[in-house]
Amino acid sequence: MKAAVYYQNGGPEVLKYEDVPDPVCHPKGVVIRVEAVSIEGGDTLNRWHGPLLTKPHVVGYQAGGEIVEVGSEVTNLRVGQKVATSYNFGSHAALRSVPARSAWPVPKGFDVKLASTIPVTFGTAADCLFEFGRLKAGETVLVQAGASGVGVAAIQLAKRAGATVLATASSDERLERLKPLGLDHGINYRTDDVVKSVMKITNNRGVDLVVDPVGGATLQGSLLSLAYRGRVSMVGAAGREPMTVDVSPLMAGNRSLTGVFLGAEIGTERAHNMIQRLIEEAARGELKVVIDRTFPLSEAGAAHAYIESRNAVGRVLLIP
């Protein structure tokens, strides 16, 4: 099969388009013919410095497609079924093998390309807001990197839950594109001081919850943006900066900082069912999947470079 692979960590230029052996179907797994790869922020981070679990390595968490082989111990999935999948690696390829627990059926009539983006992004956003963020109707949420995949999902889910939603992005144009999703107040972090803007918008109260997939210096701003008893759900290190922060503002305001990693619980009944529910809600039009751009799988390097330019709004797909 064809795949986007690399032999060493580095920038987008390390990705090569080559023939590699077809994946083997595990007795408790399935193999899918990939129709769309949803590139995650973690994919680019892994390309920079993650372990090479295969040689050459096929990176990537998420992909959607059609099941072409079912393991002997799998009873809930069938050949020909469309599924969205998430696993530690292997998405950037024409075929991928995943545990059956890491595949979610796509409702009939729903585009598998859209479904391919949902498990990690919407699942992560939901955990940041509800499972760990304890969001309640009437509260105020700040979504850092609002134009990211997790950001786009968090804005919609928070607004639907009755929250007032603030979000940051790198340009006014990107912020405008987020307003139809439920954004109430946008903050251009390149031209405005985020903390000062948050305090102005909230009449110096601060926000009840911050979803922060960026980390680094952004995380410090998230802590300083909190109201009394406010919470931060820290879910990533997209900024690629050292995680060095002063946590003393937490104690003074009885605030909290919680690390969130969907991968630690994605195999549980709770998380699996939550992701399936989100896919079904999107299929009914209750949630919007935003696709910024698609690239052929053969141009995976260009797609990664585009993501790292921070111009995208929503997800970038690779099409085998």
# chains A, B, ... in the order shown; residues from 1 in each chain; ligands from 1
>>> select_by_dssp(residues="stretch 36-223 of chain A", states="strand (DSSP E or B)", output="PyMOL selection string")
chain A and resi 36-38+57+62-70+82-86+93+95-99+103-105+140-143+164-169+185-188+207-212
>>> residues_around(residues="A:Lys196", least_positions_apart="6", cutoff="10 Å", atoms="only C-alpha atoms", output="list in words")
Thr202, Asn204, Gly206, Gly221, Leu224 and Ser225 of chain A
>>> residues_around(residues="A:Ala283", least_positions_apart="6", cutoff="10 Å", atoms="only C-alpha atoms", output="list in words")
Val106, Pro107, Lys108, Gly109, Phe110, Asp111, Val112, Leu114, Ala115, Arg277 and Val289 of chain A
>>> residues_around(residues="A:Tyr7", least_positions_apart="2", cutoff="9 Å", atoms="only C-alpha atoms", output="list in words")
Val5, Asn9, Val14, Leu15, Lys16, Leu52, Lys55, Pro56 and His57 of chain A
>>> select_by_dssp(residues="stretch 104-211 of chain A", states="alpha helix (DSSP H)", output="NGL selection string")
:A and (112-115 or 118-126 or 149-160 or 172-178 or 194-201)
>>> residues_around(residues="A:Gly236", least_positions_apart="4", cutoff="7 Å", atoms="only C-alpha atoms", output="PyMOL selection string")
chain A and resi 213-215
>>> write_last_selection(atoms="all heavy atoms", output="PDB file, in the first residue's frame")
ATOM      1  N   PRO A 213      -5.292  24.114  24.638  1.00  0.00           N
ATOM      2  CA  PRO A 213      -4.521  23.101  23.940  1.00  0.00           C
ATOM      3  C   PRO A 213      -3.130  23.579  23.521  1.00  0.00           C
ATOM      4  O   PRO A 213      -2.439  22.882  22.785  1.00  0.00           O
ATOM      5  CB  PRO A 213      -5.382  22.824  22.702  1.00  0.00           C
ATOM      6  CG  PRO A 213      -6.007  24.148  22.398  1.00  0.00           C
ATOM      7  CD  PRO A 213      -6.181  24.866  23.717  1.00  0.00           C
ATOM      8  N   VAL A 214      -2.732  24.753  23.993  1.00  0.00           N
ATOM      9  CA  VAL A 214      -1.490  25.378  23.518  1.00  0.00           C
ATOM     10  C   VAL A 214      -0.345  25.182  24.494  1.00  0.00           C
ATOM     11  O   VAL A 214       0.764  24.794  24.124  1.00  0.00           O
ATOM     12  CB  VAL A 214      -1.696  26.882  23.244  1.00  0.00           C
ATOM     13  CG1 VAL A 214      -0.411  27.500  22.682  1.00  0.00           C
ATOM     14  CG2 VAL A 214      -2.861  27.095  22.293  1.00  0.00           C
ATOM     15  N   GLY A 215      -0.583  25.469  25.784  1.00  0.00           N
ATOM     16  CA  GLY A 215       0.459  25.337  26.784  1.00  0.00           C
ATOM     17  C   GLY A 215       1.474  26.467  26.709  1.00  0.00           C
ATOM     18  O   GLY A 215       1.214  27.532  26.157  1.00  0.00           O
TER      19      GLY A 215
END
>>> residues_around(residues="A:Phe122", least_positions_apart="2", cutoff="8 Å", atoms="only C-alpha atoms", output="PyMOL selection string")
chain A and resi 118-120+124-126+149-150+153-154+275+278
>>> residues_around(residues="stretch 255-261 of chain A", least_positions_apart="4", cutoff="10 Å", atoms="only C-alpha atoms", output="ChimeraX atom specification")
/A:120,124-125,127-128,131-133,208-213,219,222-223,226-236,247-251,265-266
>>> write_last_selection(atoms="C-alpha atoms", output="PDB file, in the first residue's frame")
ATOM      1  CA  VAL A 120     -10.145  13.037  18.983  1.00  0.00           C
ATOM      2  CA  THR A 124     -11.247  15.912  23.676  1.00  0.00           C
ATOM      3  CA  ALA A 125     -13.312  19.094  23.682  1.00  0.00           C
ATOM      4  CA  ASP A 127     -13.887  15.982  28.157  1.00  0.00           C
ATOM      5  CA  CYS A 128     -12.252  19.382  28.661  1.00  0.00           C
ATOM      6  CA  GLU A 131     -15.965  15.455  32.306  1.00  0.00           C
ATOM      7  CA  PHE A 132     -13.070  17.440  33.775  1.00  0.00           C
ATOM      8  CA  GLY A 133     -14.108  21.088  33.292  1.00  0.00           C
ATOM      9  CA  ASP A 208     -15.120  30.135  34.747  1.00  0.00           C
ATOM     10  CA  LEU A 209     -13.298  27.697  32.485  1.00  0.00           C
ATOM     11  CA  VAL A 210     -10.418  27.774  30.005  1.00  0.00           C
ATOM     12  CA  VAL A 211      -9.767  25.089  27.405  1.00  0.00           C
ATOM     13  CA  ASP A 212      -6.044  25.344  26.636  1.00  0.00           C
ATOM     14  CA  PRO A 213      -4.521  23.101  23.940  1.00  0.00           C
ATOM     15  CA  LEU A 219      -1.024  28.542  29.767  1.00  0.00           C
ATOM     16  CA  SER A 222      -5.065  31.013  30.896  1.00  0.00           C
ATOM     17  CA  LEU A 223      -4.419  30.901  34.640  1.00  0.00           C
ATOM     18  CA  LEU A 226      -9.698  32.788  35.592  1.00  0.00           C
ATOM     19  CA  ALA A 227     -12.489  33.982  37.819  1.00  0.00           C
ATOM     20  CA  TYR A 228     -12.732  32.936  41.463  1.00  0.00           C
ATOM     21  CA  ARG A 229     -12.959  29.130  41.547  1.00  0.00           C
ATOM     22  CA  GLY A 230     -12.209  29.047  37.829  1.00  0.00           C
ATOM     23  CA  ARG A 231     -10.795  25.952  36.133  1.00  0.00           C
ATOM     24  CA  VAL A 232      -8.295  25.316  33.344  1.00  0.00           C
ATOM     25  CA  SER A 233      -8.420  22.150  31.246  1.00  0.00           C
ATOM     26  CA  MET A 234      -4.902  21.822  29.823  1.00  0.00           C
ATOM     27  CA  VAL A 235      -4.968  19.502  26.860  1.00  0.00           C
ATOM     28  CA  GLY A 236      -1.857  19.941  24.767  1.00  0.00           C
ATOM     29  CA  VAL A 247       0.783  28.429  39.545  1.00  0.00           C
ATOM     30  CA  SER A 248       0.435  30.739  42.552  1.00  0.00           C
ATOM     31  CA  PRO A 249      -2.695  32.452  41.079  1.00  0.00           C
ATOM     32  CA  LEU A 250      -4.499  29.145  41.568  1.00  0.00           C
ATOM     33  CA  MET A 251      -4.205  29.162  45.339  1.00  0.00           C
ATOM     34  CA  GLU A 265      -9.688   6.799  28.673  1.00  0.00           C
ATOM     35  CA  ILE A 266     -10.637   6.437  25.003  1.00  0.00           C
TER      36      ILE A 266
END
>>> closest_atom_pairs(of="stretch 279-298 of chain A", to="stretch 89-96 of chain A", cutoff="12 Å", atoms="only C-alpha atoms", output="JSON lines")
{"residue": "A:Phe295", "atom": "CA", "partner": "A:His92", "partner_atom": "CA", "distance": 11.7}
{"residue": "A:Pro296", "atom": "CA", "partner": "A:His92", "partner_atom": "CA", "distance": 10.6}
{"residue": "A:Leu297", "atom": "CA", "partner": "A:His92", "partner_atom": "CA", "distance": 7.1}
{"residue": "A:Ser298", "atom": "CA", "partner": "A:Ala93", "partner_atom": "CA", "distance": 9.7}
>>> write_last_selection(atoms="all heavy atoms", output="PDB file, in the first residue's frame")
ATOM      1  N   PHE A 295      -5.721  17.687   0.996  1.00  0.00           N
ATOM      2  CA  PHE A 295      -4.517  17.435   0.212  1.00  0.00           C
ATOM      3  C   PHE A 295      -4.487  15.963  -0.166  1.00  0.00           C
ATOM      4  O   PHE A 295      -4.983  15.120   0.585  1.00  0.00           O
ATOM      5  CB  PHE A 295      -3.253  17.729   1.036  1.00  0.00           C
ATOM      6  CG  PHE A 295      -2.987  19.168   1.344  1.00  0.00           C
ATOM      7  CD1 PHE A 295      -3.672  19.809   2.375  1.00  0.00           C
ATOM      8  CD2 PHE A 295      -2.022  19.884   0.646  1.00  0.00           C
ATOM      9  CE1 PHE A 295      -3.412  21.132   2.686  1.00  0.00           C
ATOM     10  CE2 PHE A 295      -1.751  21.204   0.946  1.00  0.00           C
ATOM     11  CZ  PHE A 295      -2.449  21.836   1.965  1.00  0.00           C
ATOM     12  N   PRO A 296      -3.882  15.613  -1.297  1.00  0.00           N
ATOM     13  CA  PRO A 296      -3.638  14.195  -1.568  1.00  0.00           C
ATOM     14  C   PRO A 296      -2.665  13.634  -0.531  1.00  0.00           C
ATOM     15  O   PRO A 296      -1.800  14.352  -0.015  1.00  0.00           O
ATOM     16  CB  PRO A 296      -3.006  14.204  -2.968  1.00  0.00           C
ATOM     17  CG  PRO A 296      -3.289  15.551  -3.533  1.00  0.00           C
ATOM     18  CD  PRO A 296      -3.393  16.485  -2.384  1.00  0.00           C
ATOM     19  N   LEU A 297      -2.797  12.352  -0.224  1.00  0.00           N
ATOM     20  CA  LEU A 297      -1.873  11.722   0.714  1.00  0.00           C
ATOM     21  C   LEU A 297      -0.429  11.885   0.259  1.00  0.00           C
ATOM     22  O   LEU A 297       0.482  12.013   1.084  1.00  0.00           O
ATOM     23  CB  LEU A 297      -2.218  10.236   0.859  1.00  0.00           C
ATOM     24  CG  LEU A 297      -1.337   9.408   1.791  1.00  0.00           C
ATOM     25  CD1 LEU A 297      -1.387   9.945   3.214  1.00  0.00           C
ATOM     26  CD2 LEU A 297      -1.760   7.940   1.749  1.00  0.00           C
ATOM     27  N   SER A 298      -0.214  11.923  -1.042  1.00  0.00           N
ATOM     28  CA  SER A 298       1.132  12.087  -1.585  1.00  0.00           C
ATOM     29  C   SER A 298       1.743  13.447  -1.233  1.00  0.00           C
ATOM     30  O   SER A 298       2.952  13.633  -1.349  1.00  0.00           O
ATOM     31  CB  SER A 298       1.121  11.913  -3.106  1.00  0.00           C
ATOM     32  OG  SER A 298       0.250  12.864  -3.713  1.00  0.00           O
TER      33      SER A 298
END
>>> closest_residue(among="A:Thr121, A:Arg315, A:Gly301, A:Gly285", to="A:Val59", atoms="only C-alpha atoms")
A:Gly301
>>> closest_atom_pairs(of="stretch 186-290 of chain A", to="stretch 170-175 of chain A", cutoff="9 Å", atoms="only C-alpha atoms", output="JSON lines")
{"residue": "A:Gly186", "atom": "CA", "partner": "A:Leu175", "partner_atom": "CA", "distance": 5.8}
{"residue": "A:Ile187", "atom": "CA", "partner": "A:Leu175", "partner_atom": "CA", "distance": 7.6}
{"residue": "A:Asn188", "atom": "CA", "partner": "A:Ser170", "partner_atom": "CA", "distance": 5.5}
{"residue": "A:Tyr189", "atom": "CA", "partner": "A:Ser170", "partner_atom": "CA", "distance": 5.8}
{"residue": "A:Arg190", "atom": "CA", "partner": "A:Ser170", "partner_atom": "CA", "distance": 5.7}
{"residue": "A:Thr191", "atom": "CA", "partner": "A:Ser171", "partner_atom": "CA", "distance": 8.4}
>>> decode(residues="stretch 158-177 of chain A", atoms="N, CA, C and O atoms", output="compact mmCIF listing (two decimals), in the first residue's frame")
# COMPACT_ATOMS: atom_id res chain seq x y z
N ALA A 158 -19.65 24.20 24.00
CA ALA A 158 -19.85 25.13 25.11
C ALA A 158 -21.07 26.01 24.88
O ALA A 158 -21.88 26.23 25.79
N LYS A 159 -21.21 26.50 23.66
CA LYS A 159 -22.37 27.34 23.35
C LYS A 159 -23.66 26.56 23.48
O LYS A 159 -24.65 27.05 24.03
N ARG A 160 -23.65 25.33 23.00
CA ARG A 160 -24.85 24.50 23.08
C ARG A 160 -25.23 24.21 24.54
O ARG A 160 -26.41 24.03 24.85
N ALA A 161 -24.22 24.21 25.42
CA ALA A 161 -24.47 23.93 26.83
C ALA A 161 -24.92 25.17 27.60
O ALA A 161 -25.14 25.10 28.81
N GLY A 162 -25.04 26.31 26.91
CA GLY A 162 -25.53 27.51 27.56
C GLY A 162 -24.47 28.42 28.11
O GLY A 162 -24.75 29.27 28.97
N ALA A 163 -23.23 28.29 27.64
CA ALA A 163 -22.13 29.14 28.11
C ALA A 163 -21.95 30.36 27.21
O ALA A 163 -22.36 30.36 26.04
N THR A 164 -21.33 31.39 27.76
CA THR A 164 -20.82 32.50 26.96
C THR A 164 -19.42 32.13 26.54
O THR A 164 -18.60 31.72 27.38
N VAL A 165 -19.12 32.26 25.25
CA VAL A 165 -17.87 31.70 24.72
C VAL A 165 -16.95 32.80 24.20
O VAL A 165 -17.31 33.59 23.32
N LEU A 166 -15.74 32.83 24.75
CA LEU A 166 -14.65 33.65 24.25
C LEU A 166 -13.64 32.71 23.60
O LEU A 166 -13.50 31.56 24.02
N ALA A 167 -12.92 33.20 22.59
CA ALA A 167 -11.88 32.38 21.97
C ALA A 167 -10.79 33.27 21.42
O ALA A 167 -11.02 34.43 21.05
N THR A 168 -9.59 32.70 21.35
CA THR A 168 -8.45 33.39 20.76
C THR A 168 -8.12 32.78 19.40
O THR A 168 -8.40 31.61 19.15
N ALA A 169 -7.54 33.59 18.53
CA ALA A 169 -7.03 33.12 17.24
C ALA A 169 -5.99 34.12 16.76
O ALA A 169 -5.85 35.22 17.32
N SER A 170 -5.28 33.75 15.70
CA SER A 170 -4.15 34.55 15.24
C SER A 170 -4.52 35.67 14.29
O SER A 170 -3.66 36.44 13.87
N SER A 171 -5.80 35.79 13.91
CA SER A 171 -6.20 36.86 13.01
C SER A 171 -7.68 37.16 13.18
O SER A 171 -8.46 36.30 13.62
N ASP A 172 -8.06 38.37 12.82
CA ASP A 172 -9.47 38.75 12.86
C ASP A 172 -10.29 37.92 11.87
O ASP A 172 -11.45 37.59 12.13
N GLU A 173 -9.68 37.57 10.74
CA GLU A 173 -10.38 36.79 9.73
C GLU A 173 -10.74 35.41 10.28
O GLU A 173 -11.87 34.91 10.07
N ARG A 174 -9.82 34.79 11.00
CA ARG A 174 -10.11 33.48 11.58
C ARG A 174 -11.20 33.60 12.65
O ARG A 174 -12.07 32.73 12.76
N LEU A 175 -11.16 34.64 13.42
CA LEU A 175 -12.19 34.84 14.44
C LEU A 175 -13.57 35.02 13.82
O LEU A 175 -14.57 34.50 14.35
N GLU A 176 -13.64 35.73 12.71
CA GLU A 176 -14.92 35.92 12.04
C GLU A 176 -15.52 34.59 11.60
O GLU A 176 -16.74 34.39 11.66
N ARG A 177 -14.66 33.68 11.18
CA ARG A 177 -15.14 32.38 10.72
C ARG A 177 -15.64 31.51 11.87
O ARG A 177 -16.32 30.51 11.66
